[in-house]
Structure formats: structure tokens, C-alpha cells
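The file run-v7.cif contains mmCIF, C-alpha atoms:
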data_final
#
loop_
_atom_site.label_atom_id
_atom_site.label_comp_id
_atom_site.auth_asym_id
_atom_site.auth_seq_id
_atom_site.Cartn_x
_atom_site.Cartn_y
_atom_site.Cartn_z
CA MET A 1 0.00 0.00 0.00
CA ASN A 2 1.31 3.41 -0.99
CA ILE A 3 0.50 5.60 2.00
CA THR A 4 -0.20 9.19 1.05
CA LYS A 5 -1.98 10.26 4.20
CA ARG A 6 -2.08 9.38 7.88
CA ILE A 7 -4.91 9.69 10.36
CA HIS A 8 -3.87 9.79 14.01
CA ILE A 9 -6.62 8.73 16.34
CA ASN A 10 -6.80 7.96 20.07
CA PRO A 11 -10.07 6.07 20.36
CA GLN A 12 -9.68 4.68 23.88
CA SER A 13 -12.75 5.20 26.00
CA LYS A 14 -11.39 6.29 29.35
CA GLY A 15 -10.73 9.92 30.14
CA SER A 16 -7.73 11.32 32.02
CA LEU A 17 -5.22 9.06 30.32
CA GLY A 18 -3.26 11.96 28.84
CA LYS A 19 -4.75 11.67 25.34
CA SER A 20 -5.17 15.38 24.69
CA PHE A 21 -1.88 16.12 26.46
CA GLU A 22 -0.07 13.78 24.05
CA SER A 23 -1.93 15.18 21.02
CA GLU A 24 -0.58 18.61 21.85
CA PHE A 25 3.00 17.38 21.75
CA ARG A 26 2.35 15.54 18.49
CA THR A 27 0.88 18.55 16.70
CA ALA A 28 3.75 20.70 17.99
CA TRP A 29 6.14 18.13 16.50
CA LEU A 30 4.31 18.29 13.14
CA ASP A 31 4.56 22.09 13.21
CA TYR A 32 8.24 21.85 14.12
CA HIS A 33 8.87 19.78 10.98
CA ARG A 34 6.58 22.06 8.94
CA ILE A 35 4.29 19.17 8.09
CA SER A 36 0.88 20.37 7.08
CA TRP A 37 -1.89 18.88 9.22
CA ASN A 38 -5.48 19.42 10.15
CA GLY A 39 -7.64 17.82 12.78
CA SER A 40 -10.97 16.98 14.26
CA ASP A 41 -12.07 17.43 17.84
CA LEU A 42 -14.68 14.90 18.92
CA ASP A 43 -14.86 16.20 22.47
CA ASP A 44 -17.96 18.33 22.16
CA ARG A 45 -17.97 19.15 25.88
CA HIS A 46 -14.48 20.59 26.20
CA HIS A 47 -13.39 21.08 22.55
CA SER A 48 -9.99 22.13 23.87
CA PHE A 49 -8.20 20.72 20.81
CA ALA A 50 -10.30 22.87 18.48
CA ASP A 51 -9.88 25.88 20.76
CA ARG A 52 -6.10 25.51 20.77
CA HIS A 53 -5.91 25.20 16.97
CA PRO A 54 -8.97 27.05 15.66
CA GLU A 55 -7.59 27.40 12.15
CA GLN A 56 -6.73 23.75 11.70
CA VAL A 57 -9.18 21.79 13.83
CA GLN A 58 -12.87 21.33 13.26
CA SER A 59 -15.12 20.49 16.19
CA TYR A 60 -17.71 17.72 15.83
CA THR A 61 -20.59 16.53 17.98
CA LEU A 62 -20.87 12.77 17.91
CA GLY A 63 -24.39 12.47 19.32
CA ASN A 64 -26.18 9.14 19.46
CA ASP A 65 -25.50 5.98 17.42
CA GLU A 66 -27.05 7.13 14.16
CA ASP A 67 -25.82 10.71 14.44
CA SER A 68 -22.31 9.55 15.25
CA LYS A 69 -22.22 7.38 12.16
CA SER A 70 -23.18 10.33 9.97
CA THR A 71 -20.74 12.60 11.78
CA LEU A 72 -17.84 10.20 11.39
CA LEU A 73 -18.72 9.56 7.76
CA GLY A 74 -18.60 13.30 7.16
CA LEU A 75 -15.34 13.61 9.06
CA PHE A 76 -13.56 10.88 7.13
CA ARG A 77 -14.92 12.09 3.81
CA ASN A 78 -13.44 15.48 4.61
CA VAL A 79 -10.12 13.82 5.37
CA THR A 80 -10.06 12.12 1.98
CA ARG A 81 -10.70 15.46 0.28
CA SER A 82 -8.11 17.36 2.28
CA ASP A 83 -4.63 18.10 0.97
CA ALA A 84 -3.00 17.77 4.38
CA PRO A 85 -0.90 14.60 4.67
CA VAL A 86 -1.77 14.21 8.36
CA HIS A 87 -5.11 14.40 10.12
CA VAL A 88 -5.25 14.32 13.91
CA VAL A 89 -8.44 13.18 15.62
CA ASP A 90 -8.79 13.88 19.34
CA CYS A 91 -11.54 11.71 20.79
CA ARG A 92 -13.65 12.36 23.83
CA ALA A 93 -14.09 9.79 26.57
CA GLN A 94 -16.56 6.94 25.98
CA ALA A 95 -16.54 7.44 22.23
CA ASP A 96 -14.75 4.22 21.34
CA GLY A 97 -17.92 2.18 20.83
CA LEU A 98 -19.36 4.75 18.43
CA ILE A 99 -16.11 5.04 16.53
CA VAL A 100 -15.57 1.30 16.18
CA GLN A 101 -19.20 0.75 15.21
CA ALA A 102 -18.99 3.43 12.54
CA MET A 103 -15.65 2.15 11.28
CA GLU A 104 -17.05 -1.35 11.01
CA SER A 105 -20.41 -0.55 9.45
CA LEU A 106 -18.95 1.95 6.99
CA GLN A 107 -15.91 -0.28 6.32
CA LEU A 108 -13.82 2.83 6.82
CA LEU A 109 -10.44 1.18 7.28
CA GLU A 110 -10.73 -0.69 3.98
CA SER A 111 -12.14 2.31 2.18
CA LEU A 112 -9.42 4.63 3.47
CA SER A 113 -6.75 2.06 2.71
CA SER A 114 -7.89 1.88 -0.91
CA GLN A 115 -7.27 5.63 -1.09
CA GLY A 116 -3.78 5.40 0.37
CA ILE A 117 -4.84 6.52 3.85
CA ARG A 118 -3.68 4.58 6.90
CA CYS A 119 -4.66 5.11 10.51
CA THR A 120 -2.37 5.19 13.51
CA PHE A 121 -3.99 4.33 16.84
CA SER A 122 -2.50 5.80 20.00
CA LEU A 123 -3.06 3.37 22.85
CA PHE A 124 -2.65 4.32 26.50
CA PRO A 125 -1.95 1.49 28.95
CA SER A 126 -3.53 2.18 32.30
CA GLU A 127 -4.23 0.63 35.68
CA ASP A 128 -7.91 0.45 34.99
CA THR A 129 -9.35 -2.98 34.08
CA GLU A 130 -12.06 -1.59 31.84
CA SER A 131 -9.65 0.64 30.02
CA MET A 132 -7.23 -2.23 29.41
CA ASN A 133 -10.02 -4.42 28.10
CA ASN A 134 -11.03 -1.55 25.90
CA LEU A 135 -7.47 -1.26 24.60
CA LEU A 136 -7.48 -4.97 23.82
CA ASP A 137 -10.83 -4.69 22.04
CA LEU A 138 -9.52 -1.90 19.84
CA PHE A 139 -6.40 -3.91 19.03
CA TYR A 140 -8.48 -6.97 18.19
CA PHE A 141 -10.87 -4.92 16.07
CA ALA A 142 -8.23 -3.22 13.96
CA GLY A 143 -5.51 -5.91 13.83
CA ASP A 144 -2.90 -5.14 11.20
CA ARG A 145 -5.17 -2.69 9.39
CA VAL A 146 -3.71 0.18 11.43
CA ASP A 147 -0.39 1.06 13.08
CA TYR A 148 -0.01 1.47 16.81
CA VAL A 149 1.79 3.87 19.10
CA ILE A 150 1.84 2.82 22.75
CA VAL A 151 1.85 5.88 24.97
CA HIS A 152 3.11 5.37 28.50
CA ASN A 153 2.12 8.03 30.96
CA PRO A 154 4.14 7.57 34.16
CA ALA A 155 2.31 10.47 35.79
CA LYS A 156 -0.90 8.42 35.67
CA VAL A 157 0.20 4.79 35.56
CA ARG A 158 2.62 3.26 38.00
CA THR A 159 2.02 -0.47 37.64
CA ASN A 160 3.10 -2.63 34.74
CA LEU A 161 -0.07 -4.62 34.08
CA PHE A 162 0.48 -3.95 30.43
CA LYS A 163 3.80 -5.73 30.24
CA LYS A 164 2.62 -8.62 32.41
CA SER A 165 -0.45 -9.23 30.29
CA ASN A 166 1.69 -9.74 27.16
CA ILE A 167 -0.34 -7.20 25.15
CA GLU A 168 2.79 -5.17 24.70
CA ALA A 169 4.63 -8.13 23.15
CA GLU A 170 1.67 -8.87 20.88
CA LEU A 171 1.40 -5.21 19.82
CA LYS A 172 5.10 -5.16 18.99
CA LYS A 173 4.56 -8.13 16.69
CA PHE A 174 2.25 -5.77 14.80
CA GLY A 175 4.97 -3.15 14.56
CA ALA A 176 3.89 -0.99 17.50
CA LYS A 177 6.38 1.45 19.02
CA GLU A 178 6.40 3.04 22.44
CA ILE A 179 6.75 6.54 23.72
CA THR A 180 6.77 7.85 27.27
CA LEU A 181 5.15 11.12 28.17
CA PRO A 182 7.29 13.47 30.21
CA THR A 183 6.07 14.35 33.66
CA VAL A 184 5.39 18.07 33.76
CA THR A 185 5.13 19.67 37.18
CA ALA A 186 1.73 20.71 38.46
CA ILE A 187 3.10 24.25 38.86
CA THR A 188 3.72 24.58 35.14
CA LEU A 189 0.41 22.94 34.18
CA LEU A 190 -1.44 25.31 36.50
CA ALA A 191 0.48 28.26 35.08
CA ILE A 192 -0.61 27.24 31.58
CA LYS A 193 -4.25 27.23 32.70
CA ARG A 194 -3.81 30.68 34.22
CA ALA A 195 -2.17 31.94 31.05
CA GLU A 196 -5.08 30.58 29.02
CA ALA A 197 -7.56 32.29 31.31
CA LYS A 198 -5.64 35.53 30.96
CA ALA A 199 -5.44 35.21 27.17
CA GLY A 200 -9.11 34.30 26.97
CA ARG A 201 -8.37 31.29 24.78
CA LYS A 202 -6.63 27.95 24.83
CA LEU A 203 -2.89 28.02 24.15
CA SER A 204 -0.95 25.40 22.25
CA PHE A 205 2.17 23.94 23.88
CA ALA A 206 4.28 25.54 21.17
CA GLU A 207 2.85 28.95 22.10
CA VAL A 208 3.56 28.64 25.81
CA ALA A 209 7.03 27.22 25.27
CA THR A 210 8.20 29.72 22.69
CA PRO A 211 10.91 31.95 24.15
CA GLY A 212 9.99 35.60 24.21
CA THR A 213 6.27 35.11 24.80
CA THR A 214 4.89 36.30 28.07
CA HIS A 215 2.54 33.43 28.71
CA LEU A 216 4.81 31.65 31.15
CA GLU A 217 7.67 32.53 33.41
CA LEU A 218 10.97 31.68 31.81
CA MET A 219 11.59 28.74 34.13
CA LEU A 220 8.19 27.22 33.46
CA ALA A 221 8.47 27.80 29.71
CA GLY A 222 11.81 26.05 30.01
CA GLU A 223 10.16 23.00 31.47
CA MET A 224 7.72 22.89 28.56
CA GLN A 225 10.59 23.19 26.12
CA TRP A 226 12.35 20.32 27.84
CA ALA A 227 9.15 18.23 27.67
CA MET A 228 8.74 18.97 23.98
CA GLN A 229 12.32 18.00 23.26
CA GLN A 230 11.75 14.70 25.05
CA MET A 231 8.71 14.00 22.93
CA PHE A 232 10.13 15.22 19.63
CA ARG A 233 13.05 12.79 19.88
CA GLN A 234 10.66 9.94 20.42
CA TYR A 235 8.39 11.00 17.57
CA ASP A 236 11.41 11.27 15.28
CA ASP A 237 12.26 7.66 16.10
CA MET A 238 8.83 6.44 15.08
CA ALA A 239 8.08 8.90 12.28
CA GLU A 240 7.25 6.07 9.87
CA LEU A 241 4.17 5.30 11.98
CA LEU A 242 3.03 8.91 12.03
CA LEU A 243 3.75 10.23 8.56
CA PRO A 244 3.38 9.20 4.93
CA PRO A 245 6.80 8.15 3.54
CA GLN A 246 7.15 11.27 1.38
CA GLN A 247 6.76 13.50 4.45
CA MET A 248 9.48 11.87 6.53
CA PRO A 249 11.64 14.59 8.05
CA GLU A 250 15.36 14.52 7.67
CA VAL A 251 16.29 14.05 11.26
CA GLN A 252 19.68 15.20 12.34
CA PRO A 253 21.25 12.49 14.46
CA GLN A 254 21.02 13.56 18.05
CA PRO A 255 24.38 13.84 19.73
CA LYS A 256 24.68 11.22 22.37
CA PRO A 257 25.05 12.64 25.82
CA ALA A 258 28.69 12.83 26.64
CA ALA A 259 29.87 10.21 29.03
CA LYS A 260 30.58 11.53 32.47
CA PRO A 261 34.26 12.28 32.76
CA ALA A 262 35.97 9.88 35.07
CA ARG A 263 36.92 11.57 38.27
CA SER A 264 40.57 11.96 38.68
CA LYS A 265 41.75 10.40 41.83
CA GLN A 266 42.56 12.98 44.35
CA PRO A 267 44.31 12.53 47.57
CA MET A 268 41.73 12.06 50.27
CA LEU A 269 41.89 11.98 53.96
CA ASN A 270 41.47 8.61 55.51
CA LEU A 271 38.97 9.44 58.18
CA GLY A 272 39.29 5.98 59.64
CA GLU A 273 42.69 6.75 60.90
CA MET B 1 -59.26 -34.84 -47.73
CA ASN B 2 -61.07 -35.56 -44.50
CA GLU B 3 -62.91 -32.38 -43.52
CA ASN B 4 -63.78 -33.70 -40.03
CA HIS B 5 -60.19 -34.20 -38.95
CA GLN B 6 -59.22 -31.31 -36.73
CA ARG B 7 -55.84 -30.58 -35.23
CA GLY B 8 -55.47 -29.15 -31.77
CA GLY B 9 -58.42 -29.15 -29.39
CA LYS B 10 -58.53 -30.84 -26.01
CA ALA B 11 -55.81 -33.41 -25.36
CA TYR B 12 -56.88 -36.95 -24.62
CA HIS B 13 -57.03 -37.84 -20.94
CA SER B 14 -57.46 -41.36 -19.67
CA VAL B 15 -60.35 -42.02 -17.33
CA LEU B 16 -57.71 -43.24 -14.90
CA GLU B 17 -55.86 -39.90 -14.97
CA PRO B 18 -57.20 -38.65 -11.59
CA HIS B 19 -56.40 -42.02 -10.01
CA PHE B 20 -52.65 -42.24 -10.62
CA ASP B 21 -51.88 -41.85 -6.93
CA PHE B 22 -54.48 -44.47 -6.07
CA ILE B 23 -52.84 -46.99 -8.42
CA ARG B 24 -49.38 -46.18 -7.04
CA GLU B 25 -50.65 -46.66 -3.52
CA GLN B 26 -52.14 -50.05 -4.36
CA ARG B 27 -48.98 -51.18 -6.12
CA GLN B 28 -47.00 -50.22 -3.03
CA ARG B 29 -49.38 -52.45 -1.09
CA ARG B 30 -48.44 -55.31 -3.44
CA LYS B 31 -51.90 -55.49 -5.13
CA THR B 32 -52.01 -57.28 -8.49
CA TRP B 33 -53.25 -55.50 -11.62
CA GLN B 34 -56.32 -57.69 -11.56
CA GLU B 35 -57.06 -56.68 -7.96
CA ILE B 36 -56.60 -53.04 -8.87
CA ALA B 37 -58.97 -53.33 -11.84
CA GLU B 38 -61.49 -54.96 -9.55
CA MET B 39 -61.10 -52.17 -6.96
CA PHE B 40 -61.78 -49.60 -9.69
CA ARG B 41 -65.03 -51.33 -10.45
CA THR B 42 -66.17 -51.79 -6.83
CA GLU B 43 -64.85 -48.61 -5.21
CA LYS B 44 -64.81 -46.07 -8.02
CA GLY B 45 -67.48 -47.41 -10.35
CA ILE B 46 -65.07 -47.47 -13.28
CA ARG B 47 -65.06 -50.53 -15.46
CA VAL B 48 -61.65 -51.24 -16.96
CA THR B 49 -59.79 -54.27 -18.23
CA LEU B 50 -57.02 -55.62 -16.01
CA TYR B 51 -54.50 -54.29 -18.54
CA ALA B 52 -55.81 -50.74 -18.53
CA PRO B 53 -54.37 -49.71 -15.12
CA TYR B 54 -51.08 -51.39 -16.03
CA HIS B 55 -50.71 -49.59 -19.40
CA PHE B 56 -51.83 -46.27 -17.94
CA TYR B 57 -49.45 -46.47 -14.97
CA ARG B 58 -46.50 -47.53 -17.12
CA ARG B 59 -47.17 -44.76 -19.66
CA LYS B 60 -47.39 -42.15 -16.94
CA LEU B 61 -44.13 -43.21 -15.34
CA LYS B 62 -42.33 -43.18 -18.67
CA ARG B 63 -43.63 -39.70 -19.46
CA ALA B 64 -42.67 -38.46 -16.06
CA ALA B 65 -39.09 -39.67 -16.63
CA LYS B 66 -38.58 -37.53 -19.71
CA PRO B 67 -39.71 -33.92 -19.99
CA HIS B 68 -42.71 -33.09 -22.08
CA TRP B 69 -41.82 -30.94 -25.06
CA GLU B 70 -44.40 -28.29 -24.12
CA LYS B 71 -43.38 -28.24 -20.48
CA SER B 72 -39.67 -28.26 -21.20
CA ALA B 73 -40.09 -25.39 -23.65
CA VAL B 74 -41.64 -23.32 -20.89
CA ASP B 75 -39.26 -24.39 -18.14
CA SER B 76 -35.91 -24.47 -19.85
CA GLN B 77 -36.03 -21.42 -22.08
CA PRO B 78 -35.47 -18.17 -20.26
CA ALA B 79 -37.26 -15.04 -21.38
CA ARG B 80 -33.91 -13.74 -22.63
CA PRO B 81 -30.65 -15.54 -23.09
CA SER B 82 -28.40 -15.37 -20.04
CA VAL B 83 -24.74 -16.06 -19.46
CA PRO B 84 -23.94 -19.55 -18.24
CA ALA B 85 -24.03 -19.83 -14.46
CA SER B 86 -20.38 -20.79 -14.32
CA ARG B 87 -19.26 -17.60 -16.02
CA PRO B 88 -18.63 -14.68 -13.67
CA GLN B 89 -21.04 -11.80 -13.91
CA PRO B 90 -19.62 -8.76 -15.68
CA ARG B 91 -21.10 -6.48 -13.02
CA PRO B 92 -19.51 -6.35 -9.57
CA ALA B 93 -21.14 -8.44 -6.89
CA PRO B 94 -23.43 -6.39 -4.65
CA LEU B 95 -21.75 -7.67 -1.50
CA PRO B 96 -18.04 -6.94 -1.16
CA VAL B 97 -15.75 -9.67 -0.02
CA GLN B 98 -15.19 -9.65 3.72
CA PRO B 99 -11.87 -8.02 4.48
CA THR B 100 -9.17 -10.38 5.59
CA PHE B 101 -6.60 -9.10 8.00
CA ASN B 102 -4.50 -10.34 10.86
CA ARG B 103 -5.77 -10.04 14.40
CA PRO B 104 -3.77 -10.42 17.58
CA ASN B 105 -3.49 -13.86 19.10
CA LEU B 106 -5.65 -13.47 22.20
CA SER B 107 -4.56 -16.81 23.60
CA THR B 108 -1.13 -15.34 24.36
CA ILE B 109 -2.63 -12.41 26.28
CA ASN B 110 -3.23 -12.81 29.96
CA THR B 111 -6.20 -10.63 30.83
CA GLU B 112 -6.12 -11.94 34.41
CA GLU B 113 -3.40 -9.39 34.98
CA PHE B 114 -5.89 -6.56 34.48
CA THR B 115 -7.85 -7.47 37.61
#

For the file at hand, write its structure as C-alpha cells.
Amino acid sequence: MNITKRIHINPQSKGSLGKSFESEFRTAWLDYHRISWNGSDLDDRHHSFADRHPEQVQSYTLGNDEDSKSTLLGLFRNVTRSDAPVHVVDCRAQADGLIVQAMESLQLLESLSSQGIRCTFSLFPSEDTESMNNLLDLFYFAGDRVDYVIVHNPAKVRTNLFKKSNIEAELKKFGAKEITLPTVTAITLLAIKRAEAKAGRKLSFAEVATPGTTHLELMLAGEMQWAMQQMFRQYDDMAELLLPPQQMPEVQPQPKPAAKPARSKQPMLNLGE
Amino acid sequence: MNENHQRGGKAYHSVLEPHFDFIREQRQRRKTWQEIAEMFRTEKGIRVTLYAPYHFYRRKLKRAAKPHWEKSAVDSQPARPSVPASRPQPRPAPLPVQPTFNRPNLSTINTEEFT
């Protein structure tokens, strides 16, 4: 299959997994590489994704079963017509059933594939039984028809149920790659919310981290820059799962951190004497 | 030229025509042709020779084995010629083939770990 377009989607049902948080890093990475993208926000209650990127992201209301099918059909038809090589879908909580149902009944994965469009599912391992079953259901539903990015969020998940259950090993057989979200301090996250309230709109991570802007104190903006660098390196390593081949960025090899210089032995006092 | 001879008209039907099933039933009960002829006389009020049921039954079975030209003309000829059944239809099938793809092997996944 000649992939000309990618759709990123995080269809997992549970909220507070870090889905929107991760999407922000990903879109900042796309902007960093000057890769044209547009998106859809399926969270009709918060629509924070659409608010952060009003020019690129369209907000949708999923509604009930029938409405959601029409909505998703419209969304994916728009994607096929769009020139952007990447489309980012940010899902609301509890939308997985509607999305899977629509994908199945409209045979979206096959239809998109025939047009050179391939989906990438972001999956978030968690400590919640229902959420893990949901992750497994999504994996079983899509199989090798999509690519997978496993997003670890150490700020939310501290146990390794995922590894123990062998899902990780099975996902890797399907070419999945892993990334780990950086842990950003509550101080900085709170400061971003304050800055958004002050600006009267949602701010993208790129906006708050850009030097010279007054949204955040320098130290807090520095933390966001550090977090973005962490994520960008990881995205670069798995770019083939996120971009069509012709959009692959030329990544400069990152210099390996210099090994700590060996301490020269210095004469020390023998306190035992 | 015989003016009275007419073609067409009603086809000949044996008087035994409505009783084909009756004859078959009696034959299955191992009745002889003579017994059947006698039963026609006593039960149905039809007087026939002992050969009549035999000839009628045999004729009917033979006809049933090969199609009648009138019937076969109606049954076998379609209103318009169609492609042979074995040849694929030029139009696409209305139902698409079910997509085949690889799914994860659930037997290797230990969901007990979730709980």
C-alpha cells in the first residue's frame, strides 16, 4: 500500500489518560517539521483541541449511534478530500464504541486504505481494568489494518499490568512502538491554565514554550521546552508510523550525551585513621 | 381430404388420470393389476380391463421420466438468453468480499493481569 496520508486517532474510552496532552506534543512536532496537518475534535464538551488550533481543527458533535455514524462519515470524507498529509483526531471519553461501530459498518479502514490513507492508533496502557479491556478490544478490532503507538504516561500509571499481560509483546509483533510522556510539574500545568484564562483562549504547547512570549515565566516555559524536546526525539524515532513516507523529516542524528568524565583520583583523607 | 379431422383441441385424458396416486398406492401395497382393476369397479365405479391400469401407470411413469416438449419449452427457455451460471457476472457483486486481515493472538494475552 502506498500511504499518502495518515490519520492519528486515540479512540480509547477512558478519560484522564493523557490523550489530549499527548496530542498537543504531536501537533507541535508536526509544526516543528513544517508538516501540514489538520484535525478533528470529537470532544464536544471541552473542545480544547479545536480551541487551541482554531484554524486547523474542526469540532464535531458525535451524538447518538445514528448521528455519530453520519458525523464520522462526514469527518472521514473530509479527510479524503483534504490536501493535508496528516489528520489528527482527538476523541472524547466513551466514544470508542461509536467510533468502532462506525468504522465497522462503513468499512472505513478498507475504504481509506484503498485511497492510500492509513490510521495510527495511540493506545494508552492504564491501571484500569475496563480501560485495558477496551485497549485490547480496539487492538483486536483493527488488527494489522492500522499502526499502533503505545503511549506510557508515568504520571498516571505506575504499575506494569500492560507488560505482564503480554499485550505489549503482541502489539510489537504488529509493529507498535512506544513513547513515554514526560512528567510536567503541576506548577507549570497550572500556570498554563492561568495563562489561558488571561489570554481568553486555549494556548498550544508551542505557544507557551516559545521563548519571548509572556505566557509563562521563563523557568516554566523552560520546562515545557524540555518536555517537547523529550517527545520530539521519540516522535522522530517512530516517524514512519506517524507520517506518509514522502513527508518523513530529515532528522539530524542527536548527539549522544557525553559520558561523564571519570573523576581523577585525588588525595583524600582517611577518616578511619 | 377428410374435412372432419381437426388438429389441436382438447388433449386426450385417460379415465384413470385422476387415479394415478391411487394406483401407485395399491402397487406399493403389493396389489395385483387384476385386484386393482377390480377395486376400480367396486370402489370407483369405473369398469376397466385388467391391462388398462397397467398400461396407464406404465405410460405415466415413462412420461414423467422424460420432460414433455411443451413443459420443457416453458421451463428451460429463459425469457432472454443469459450467461452460463459458471461464467462470472460482468457487473460487480453487490456484496463486497469480507476483508481479511491479521488479528492479535488473544490466547497469548493474559487478561487476568488486568484485575

Selection under test: the PyMOL selection byres ((chain A and resi 134-146) around 6); residues as a list in words: Cys119, Thr120, Ser131, Met132, Asn133 and Asp147 of chain A; Asn102, Arg103 and Pro104 of chain B

The PyMOL selection byres ((chain A and resi 41) around 7) applied to the shown file, residues as a list in words: Gly39, Ser40, Leu42, Asp43, His47, Phe49, Ala50, Val57, Gln58, Ser59, Tyr60, Val89, Asp90 and Cys91 of chain A

Within-8 Å shell of (3.1, 11.8, 18.4) in input frame, only C-alpha atoms, as number ranges by chain: A: 22-23, 25-27, 29, 231-232, 235, 242

Hits of the PyMOL selection byres ((chain A and resi 188-205) around 7) in this structure, as a PyMOL selection string: chain A and resi 24-25+28+48+51-52+184-187+206-209+215-216+220

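With all atoms listed in the file taken into account, the protein and nucleic acid residues at most 8 Å from range 46-52 of chain B (excluding it and anything under 3 positions from it in its own chain) are Trp33, Gln34, Ile36, Ala37, Glu38, Phe40, Arg41, Thr42, His55 and Phe56 of chain B.
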
Atom-to-atom span, CA of His53 in chain A and CA of Ala176 in chain A, Å: 28.0 Å
